[in-house]
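J.: Take a look at the following structure, please.
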Protein chains: 2
Amino acid sequence: MRAIFLGVQRPFLHPPSETLRLESILYALADPVRLEIVRRLATGDCPLNCSTAAPAHLPKSTQSHHFQILREAGLVHSERRGTEVVNVLRLDEIEAKFPGVVSTILKAAKPLECPDAAKRGG
Amino acid sequence: MRAIFLGVQRPFLHPPSETLRLESILYALADPVRLEIVRRLATGDCPLNCSTAAPAHLPKSTQSHHFQILREAGLVHSERRGTEVVNVLRLDEIEAKFPGVVSTILKAAKPLECPDAAKRGG
DNA sequence: TTCAATAGTTCAATAGTCTTGAACTTCGGA
DNA sequence: TCCGAAGTTCAAGACTATTGAACTATTGAA
């Protein structure tokens, strides 16, 4: 027996840049997986769907959770395109509000070593 | 009845700068209380003991916990002086390893609004 | 030396968050 | 309409944070 399933796909919520909080951004970037996602979005220089941006060995539900945190922190803008979700970094907005913070972190961030790294020619 | 108390005061452990991790530093700074502690240590420009550096309304055990995380991340060096513990930011070491990261975050950080702020002439 | 005060640590319990498998939605193609 | 692909939602167990109470350690005074 299961409770009523509320799994309607709700539209993504993106905080306006006035409400961005430094702590939320740091928290989002403090996780190795999320830092890697943001790094790929930044260096790839193009929108990426969730499974391309996240380390491939991660369960989908975990990936989804990480993207939710990145969205809520205001780091990433997500949009459904057919069956997939394309993600774009909100770097300009964040740089305007917290100059240098994310770009400096990204410069210091090393690529994450993970099981799928070899497949990508790393 | 209580288990054997192991509360011997152990010496503080400070990670050498070679083992500092960006994620741990971001994690430590992602908490509003810890960001405020680091901000006070940076702007005060002098060593501060735990109760001076932390927001005053916080329980001691919580303060102690936050300083432990700051120490383990390598952000803070602590040393016992009599009954108190003096804390110094390890800013130079961190800047050498992750240039600009912490200094940029500190520039973007606003003072924390908290119950004891008024007492300090804020 | 004994006492009390001060500064901080440690422990334990509870509250909150993260990770992940399973069930589900939604879209697009055959 | 049926199927697969891409993500979301939910639930449960694992992990982490917060905090009161008990404790250690040092200092200064009597």
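Identifiers in the structure tokens: chain A, B, ... in order shown; residue index from 1 per chain; ligand index from 1 in order shown.
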Might you pull out every residue within 12 Å of DC15 of chain D, with only C-alpha atoms (C1' of nucleotides) counted and same-chain residues fewer than 6 positions away left off, and present them as a PyMOL selection string?
T.: chain C and resi 16-19
J.: Enumerate, as a PyMOL selection string, the complete set of residues in chain B that a backbone-based DSSP assignment places in alpha helix (DSSP H).
T.: chain B and resi 22-29+32-44+50-53+60-73+91-97+101-108
J.: Using only C-alpha atoms (C1' of nucleotides), which chain C residues lie at most 10 Å away from chain A, written as a list in words?
T.: DC18, DT19, DT20, DG21, DA23, DC24, DT25, DT26, DC27 and DG28 of chain C
J.: Using only C-alpha atoms (C1' of nucleotides), what does the table of chain D residues within 9 Å of chain A look like, with each row giving the shortest atom pair and its distance in Å to one decimal, sorted by chain and ascending number, as a Markdown table?
T.:
```
| residue | atom | partner | partner_atom | distance |
| --- | --- | --- | --- | --- |
| D:DA5 | C1' | A:Thr83 | CA | 7.3 |
| D:DA6 | C1' | A:Glu84 | CA | 5.3 |
| D:DG7 | C1' | A:Ser64 | CA | 7.0 |
| D:DT8 | C1' | A:Gln9 | CA | 6.7 |
| D:DT9 | C1' | A:Gly7 | CA | 5.2 |
| D:DC10 | C1' | A:Phe5 | CA | 7.9 |
```
J.: Got a sec to pull out which chain A residues are within 7 Å of chain B, counting only C-alpha atoms, and send them as a short mmCIF file (atom, residue, chain, number, x, y, z; two decimals) with all heavy atoms, in the first residue's frame?
T.:
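Output saved as selection_12.cif:
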```
data_model
loop_
_atom_site.label_atom_id
_atom_site.label_comp_id
_atom_site.auth_asym_id
_atom_site.auth_seq_id
_atom_site.Cartn_x
_atom_site.Cartn_y
_atom_site.Cartn_z
N GLU A 23 26.10 31.86 1.13
CA GLU A 23 26.20 30.58 1.84
C GLU A 23 25.62 29.43 1.03
O GLU A 23 26.19 28.33 1.00
CB GLU A 23 25.48 30.65 3.19
CG GLU A 23 26.17 31.49 4.23
CD GLU A 23 25.76 32.96 4.17
OE1 GLU A 23 25.20 33.39 3.13
OE2 GLU A 23 25.99 33.67 5.16
N SER A 24 24.50 29.67 0.36
CA SER A 24 23.88 28.60 -0.44
C SER A 24 24.77 28.23 -1.61
O SER A 24 24.87 27.05 -1.98
CB SER A 24 22.51 29.04 -0.95
OG SER A 24 21.73 29.48 0.12
N LEU A 26 28.08 28.56 -1.73
CA LEU A 26 29.25 27.83 -1.20
C LEU A 26 28.85 26.41 -0.83
O LEU A 26 29.59 25.45 -1.07
CB LEU A 26 29.83 28.56 0.01
CG LEU A 26 30.38 29.96 -0.28
CD1 LEU A 26 30.90 30.59 1.00
CD2 LEU A 26 31.46 29.89 -1.34
N TYR A 27 27.68 26.29 -0.21
CA TYR A 27 27.20 24.97 0.17
C TYR A 27 27.05 24.07 -1.06
O TYR A 27 27.48 22.90 -1.06
CB TYR A 27 25.87 25.07 0.91
CG TYR A 27 25.31 23.73 1.27
CD1 TYR A 27 25.81 23.05 2.37
CD2 TYR A 27 24.34 23.13 0.48
CE1 TYR A 27 25.33 21.79 2.68
CE2 TYR A 27 23.86 21.88 0.79
CZ TYR A 27 24.34 21.22 1.88
OH TYR A 27 23.88 19.98 2.19
N LEU A 29 28.60 24.28 -3.84
CA LEU A 29 29.90 23.97 -4.44
C LEU A 29 30.79 23.14 -3.52
O LEU A 29 31.85 22.67 -3.93
CB LEU A 29 30.62 25.27 -4.81
CG LEU A 29 29.95 26.08 -5.92
CD1 LEU A 29 30.68 27.40 -6.13
CD2 LEU A 29 29.90 25.29 -7.23
N ALA A 30 30.38 22.94 -2.28
CA ALA A 30 31.20 22.21 -1.30
C ALA A 30 31.15 20.71 -1.53
O ALA A 30 31.94 19.97 -0.95
CB ALA A 30 30.75 22.54 0.12
N ASP A 31 30.24 20.24 -2.36
CA ASP A 31 30.13 18.80 -2.64
C ASP A 31 30.94 18.48 -3.90
O ASP A 31 30.78 19.16 -4.92
CB ASP A 31 28.66 18.44 -2.83
CG ASP A 31 28.48 16.95 -3.07
OD1 ASP A 31 28.69 16.51 -4.23
OD2 ASP A 31 28.16 16.24 -2.11
N PRO A 32 31.80 17.45 -3.84
CA PRO A 32 32.66 17.13 -4.99
C PRO A 32 31.87 16.88 -6.27
O PRO A 32 32.29 17.30 -7.35
CB PRO A 32 33.39 15.86 -4.55
CG PRO A 32 33.30 15.83 -3.06
CD PRO A 32 32.05 16.54 -2.69
N PHE A 98 28.20 38.51 -6.61
CA PHE A 98 29.35 38.13 -5.77
C PHE A 98 30.60 38.06 -6.65
O PHE A 98 31.06 36.97 -7.01
CB PHE A 98 29.10 36.77 -5.11
CG PHE A 98 27.83 36.70 -4.31
CD1 PHE A 98 26.80 35.85 -4.70
CD2 PHE A 98 27.65 37.49 -3.18
CE1 PHE A 98 25.61 35.79 -3.98
CE2 PHE A 98 26.48 37.44 -2.45
CZ PHE A 98 25.45 36.59 -2.85
N GLY A 100 33.75 37.53 -8.61
CA GLY A 100 34.94 36.70 -8.49
C GLY A 100 34.78 35.41 -7.73
O GLY A 100 35.62 34.52 -7.85
N VAL A 101 33.72 35.28 -6.97
CA VAL A 101 33.62 34.12 -6.08
C VAL A 101 33.62 32.81 -6.87
O VAL A 101 34.51 31.96 -6.69
CB VAL A 101 32.37 34.21 -5.17
CG1 VAL A 101 32.14 32.90 -4.44
CG2 VAL A 101 32.54 35.35 -4.16
N THR A 104 36.66 32.26 -9.34
CA THR A 104 37.90 31.92 -8.64
C THR A 104 37.88 30.48 -8.15
O THR A 104 38.88 29.76 -8.23
CB THR A 104 38.12 32.87 -7.45
OG1 THR A 104 37.94 34.21 -7.89
CG2 THR A 104 39.50 32.70 -6.88
N ILE A 105 36.73 30.06 -7.64
CA ILE A 105 36.60 28.66 -7.20
C ILE A 105 36.80 27.72 -8.37
O ILE A 105 37.49 26.70 -8.26
CB ILE A 105 35.22 28.44 -6.53
CG1 ILE A 105 35.15 29.19 -5.19
CG2 ILE A 105 34.94 26.95 -6.33
CD1 ILE A 105 33.78 29.23 -4.57
N ALA A 108 40.32 27.18 -9.22
CA ALA A 108 41.04 26.34 -8.25
C ALA A 108 40.59 24.89 -8.29
O ALA A 108 41.27 24.01 -7.75
CB ALA A 108 40.84 26.91 -6.85
#
```
